[in-house]
Amino acid sequence: METNPDMLFLPYRLKDVSRKGTVGNRWESAAEHCYSSMMLASYFLRFYPELKYERVMKILLFHDLVEIFAGDTFILDDSMIKSKKAREGRAFEKLLQELPLEFAGELKVFWPEFDNGLTKEARFAKAIESLDPMIHSMYKPEEWQRYNFTEKELIAKKEKYFREFPEIHKMFKKVLIRLKSNGSIK
């Protein structure tokens with residue numbers, strides 16, 4: 001099938017997927033989250049020279065593409081978390097049909113790798129994308145207070161992703177200290 005403009009536009013729709021963090025007076029987009037996750041990865045990759053830079057960046061580029069059809073799953077929304085695998089699986093299949101073949105081929109490799117933590121690069125990407133919203137909202141106590149986040153919840157839901165990567169884990173702990181000291185979390 002020949003690529004048409006609509007097929008090339010499809011990844012751009014990630015810009016329309018809203019997350020719970022804010023940028024100015026609007027919600028952050030999933031595309032912005034992908035960008036800032038890639039920036040964080042670029043910083044932390046220097047501590048893990050065994051990881052393949054390009055592979056990590058590709059994983060992060062494609063990791064949330066399923067959200068175009070599945071939507072973002074907020075960390076505290078238990079009903080969305082329960083349906084996440086099914087929603088994202090359907091979105092993955094739909095994307096494979098609608099993306100240009102070149103993008104579909106990469107999505108077919110990188111999204112399952114990320115989703116299932118199949119490689120160290122994928123687990124690194126998961127750690128990075130889990131740290132990103134914490135850094136994004138570090139100076140926005142109102143965002144944390146809006147959802148009544150606690151240190152205990154953050155540790156329970158996120159710390160498992162950081163343990164394999166000591167430098168990222170250290171930063172997670174530093175961010176927790178900052179969030180507690182500025183009244184963002186209890």
# chains A, B, ... in the order shown; residues from 1 in each chain; ligands from 1
$ residues_around --residues "A:Lys85" --least-positions-apart "2" --cutoff "12 Å" --atoms "only C-alpha atoms" --output "PyMOL selection string"
chain A and resi 66-67+70-71+73+79-83+87-92+112+115-116
$ write_last_selection --atoms "N, CA, C and O atoms" --output "PDB file, in the first residue's frame"
ATOM      1  N   VAL A  66       0.509   3.999  21.057  1.00  0.00           N
ATOM      2  CA  VAL A  66      -0.786   3.331  21.230  1.00  0.00           C
ATOM      3  C   VAL A  66      -1.809   4.245  21.888  1.00  0.00           C
ATOM      4  O   VAL A  66      -3.021   4.049  21.749  1.00  0.00           O
ATOM      5  N   GLU A  67      -1.343   5.267  22.600  1.00  0.00           N
ATOM      6  CA  GLU A  67      -2.260   6.184  23.280  1.00  0.00           C
ATOM      7  C   GLU A  67      -3.088   7.015  22.309  1.00  0.00           C
ATOM      8  O   GLU A  67      -4.091   7.601  22.703  1.00  0.00           O
ATOM      9  N   ALA A  70      -5.799   4.492  22.476  1.00  0.00           N
ATOM     10  CA  ALA A  70      -6.128   3.956  23.802  1.00  0.00           C
ATOM     11  C   ALA A  70      -6.253   5.033  24.871  1.00  0.00           C
ATOM     12  O   ALA A  70      -6.818   4.778  25.929  1.00  0.00           O
ATOM     13  N   GLY A  71      -5.716   6.219  24.616  1.00  0.00           N
ATOM     14  CA  GLY A  71      -5.698   7.270  25.625  1.00  0.00           C
ATOM     15  C   GLY A  71      -4.601   7.018  26.647  1.00  0.00           C
ATOM     16  O   GLY A  71      -4.046   5.931  26.730  1.00  0.00           O
ATOM     17  N   THR A  73      -3.137   6.468  30.394  1.00  0.00           N
ATOM     18  CA  THR A  73      -3.601   5.799  31.607  1.00  0.00           C
ATOM     19  C   THR A  73      -2.928   6.457  32.798  1.00  0.00           C
ATOM     20  O   THR A  73      -1.711   6.333  32.976  1.00  0.00           O
ATOM     21  N   SER A  79      -9.380   1.795  37.406  1.00  0.00           N
ATOM     22  CA  SER A  79     -10.199   1.172  36.363  1.00  0.00           C
ATOM     23  C   SER A  79      -9.501   1.250  35.001  1.00  0.00           C
ATOM     24  O   SER A  79      -9.546   0.295  34.228  1.00  0.00           O
ATOM     25  N   MET A  80      -8.824   2.365  34.725  1.00  0.00           N
ATOM     26  CA  MET A  80      -8.070   2.481  33.469  1.00  0.00           C
ATOM     27  C   MET A  80      -6.867   1.529  33.482  1.00  0.00           C
ATOM     28  O   MET A  80      -6.527   0.953  32.455  1.00  0.00           O
ATOM     29  N   ILE A  81      -6.248   1.376  34.637  1.00  0.00           N
ATOM     30  CA  ILE A  81      -5.098   0.466  34.748  1.00  0.00           C
ATOM     31  C   ILE A  81      -5.541  -0.968  34.455  1.00  0.00           C
ATOM     32  O   ILE A  81      -4.855  -1.699  33.742  1.00  0.00           O
ATOM     33  N   LYS A  82      -6.705  -1.353  34.964  1.00  0.00           N
ATOM     34  CA  LYS A  82      -7.205  -2.717  34.741  1.00  0.00           C
ATOM     35  C   LYS A  82      -7.477  -2.998  33.266  1.00  0.00           C
ATOM     36  O   LYS A  82      -7.288  -4.117  32.800  1.00  0.00           O
ATOM     37  N   SER A  83      -7.911  -1.981  32.526  1.00  0.00           N
ATOM     38  CA  SER A  83      -8.252  -2.189  31.110  1.00  0.00           C
ATOM     39  C   SER A  83      -7.103  -1.819  30.173  1.00  0.00           C
ATOM     40  O   SER A  83      -7.238  -1.939  28.951  1.00  0.00           O
ATOM     41  N   ARG A  87      -6.951  -2.344  26.040  1.00  0.00           N
ATOM     42  CA  ARG A  87      -7.093  -1.126  25.231  1.00  0.00           C
ATOM     43  C   ARG A  87      -5.864  -0.892  24.366  1.00  0.00           C
ATOM     44  O   ARG A  87      -5.967  -0.597  23.175  1.00  0.00           O
ATOM     45  N   GLU A  88      -4.701  -1.032  24.974  1.00  0.00           N
ATOM     46  CA  GLU A  88      -3.472  -0.786  24.234  1.00  0.00           C
ATOM     47  C   GLU A  88      -3.207  -1.883  23.205  1.00  0.00           C
ATOM     48  O   GLU A  88      -2.666  -1.603  22.139  1.00  0.00           O
ATOM     49  N   GLY A  89      -3.600  -3.109  23.502  1.00  0.00           N
ATOM     50  CA  GLY A  89      -3.452  -4.188  22.518  1.00  0.00           C
ATOM     51  C   GLY A  89      -4.288  -3.921  21.271  1.00  0.00           C
ATOM     52  O   GLY A  89      -3.815  -4.101  20.139  1.00  0.00           O
ATOM     53  N   ARG A  90      -5.534  -3.487  21.463  1.00  0.00           N
ATOM     54  CA  ARG A  90      -6.395  -3.134  20.315  1.00  0.00           C
ATOM     55  C   ARG A  90      -5.820  -1.936  19.550  1.00  0.00           C
ATOM     56  O   ARG A  90      -5.810  -1.918  18.312  1.00  0.00           O
ATOM     57  N   ALA A  91      -5.316  -0.954  20.293  1.00  0.00           N
ATOM     58  CA  ALA A  91      -4.730   0.225  19.658  1.00  0.00           C
ATOM     59  C   ALA A  91      -3.489  -0.156  18.841  1.00  0.00           C
ATOM     60  O   ALA A  91      -3.287   0.350  17.729  1.00  0.00           O
ATOM     61  N   PHE A  92      -2.691  -1.043  19.383  1.00  0.00           N
ATOM     62  CA  PHE A  92      -1.488  -1.526  18.689  1.00  0.00           C
ATOM     63  C   PHE A  92      -1.868  -2.154  17.349  1.00  0.00           C
ATOM     64  O   PHE A  92      -1.280  -1.833  16.306  1.00  0.00           O
ATOM     65  N   PRO A 112       6.096  -3.759  21.744  1.00  0.00           N
ATOM     66  CA  PRO A 112       6.064  -4.959  22.602  1.00  0.00           C
ATOM     67  C   PRO A 112       7.321  -5.100  23.460  1.00  0.00           C
ATOM     68  O   PRO A 112       7.255  -5.556  24.604  1.00  0.00           O
ATOM     69  N   ASP A 115       6.629  -2.647  26.274  1.00  0.00           N
ATOM     70  CA  ASP A 115       5.474  -3.044  27.080  1.00  0.00           C
ATOM     71  C   ASP A 115       5.764  -4.267  27.947  1.00  0.00           C
ATOM     72  O   ASP A 115       5.266  -4.369  29.064  1.00  0.00           O
ATOM     73  N   ASN A 116       6.580  -5.154  27.438  1.00  0.00           N
ATOM     74  CA  ASN A 116       6.889  -6.391  28.171  1.00  0.00           C
ATOM     75  C   ASN A 116       8.257  -6.364  28.858  1.00  0.00           C
ATOM     76  O   ASN A 116       8.661  -7.362  29.455  1.00  0.00           O
TER      77      ASN A 116
END
$ residues_around --residues "stretch 168-174 of chain A" --least-positions-apart "6" --cutoff "12 Å" --atoms "only C-alpha atoms" --output "PyMOL selection string"
chain A and resi 40-41+43-48+123-135+138+151+154-155+158-162+180-181
$ residues_around --residues "A:Gly24" --least-positions-apart "4" --cutoff "12 Å" --atoms "only C-alpha atoms" --output "number ranges by chain"
A: 28-29, 136-137, 140
$ select_by_dssp --residues "chain A" --states "helix (DSSP H, G or I)" --output "NGL selection string"
:A and (5-16 or 30-47 or 53-62 or 67-70 or 78-98 or 101-115 or 120-136 or 141-146 or 151-162 or 166-181)
$ closest_residue --among "A:Met38, A:Ile68, A:Leu76, A:Leu8" --to "A:Glu54" --atoms "only C-alpha atoms"
A:Met38
$ residues_around --residues "A:Pro5" --least-positions-apart "5" --cutoff "12 Å" --atoms "only C-alpha atoms" --output "MDAnalysis selection string"
chainID A and resid 10:12 98:100
$ residues_around --residues "A:Lys186" --least-positions-apart "3" --cutoff "9 Å" --atoms "only C-alpha atoms" --output "ChimeraX atom specification"
/A:148-152,179-180,183
$ residues_around --residues "A:Leu51" --least-positions-apart "5" --cutoff "8 Å" --atoms "only C-alpha atoms" --output "ChimeraX atom specification"
/A:45,56,120-121
$ select_by_dssp --residues "stretch 2-184 of chain A" --states "strand (DSSP E or B)" --output "list in words"
Ser18, Arg19, Lys20, Gly21, Thr22, Val23, Arg26, Trp27, Glu28 and Ser29 of chain A
$ atom_distance --atom1 "atom CA of A:Thr119" --atom2 "atom CA of A:Glu106"
15.6 Å
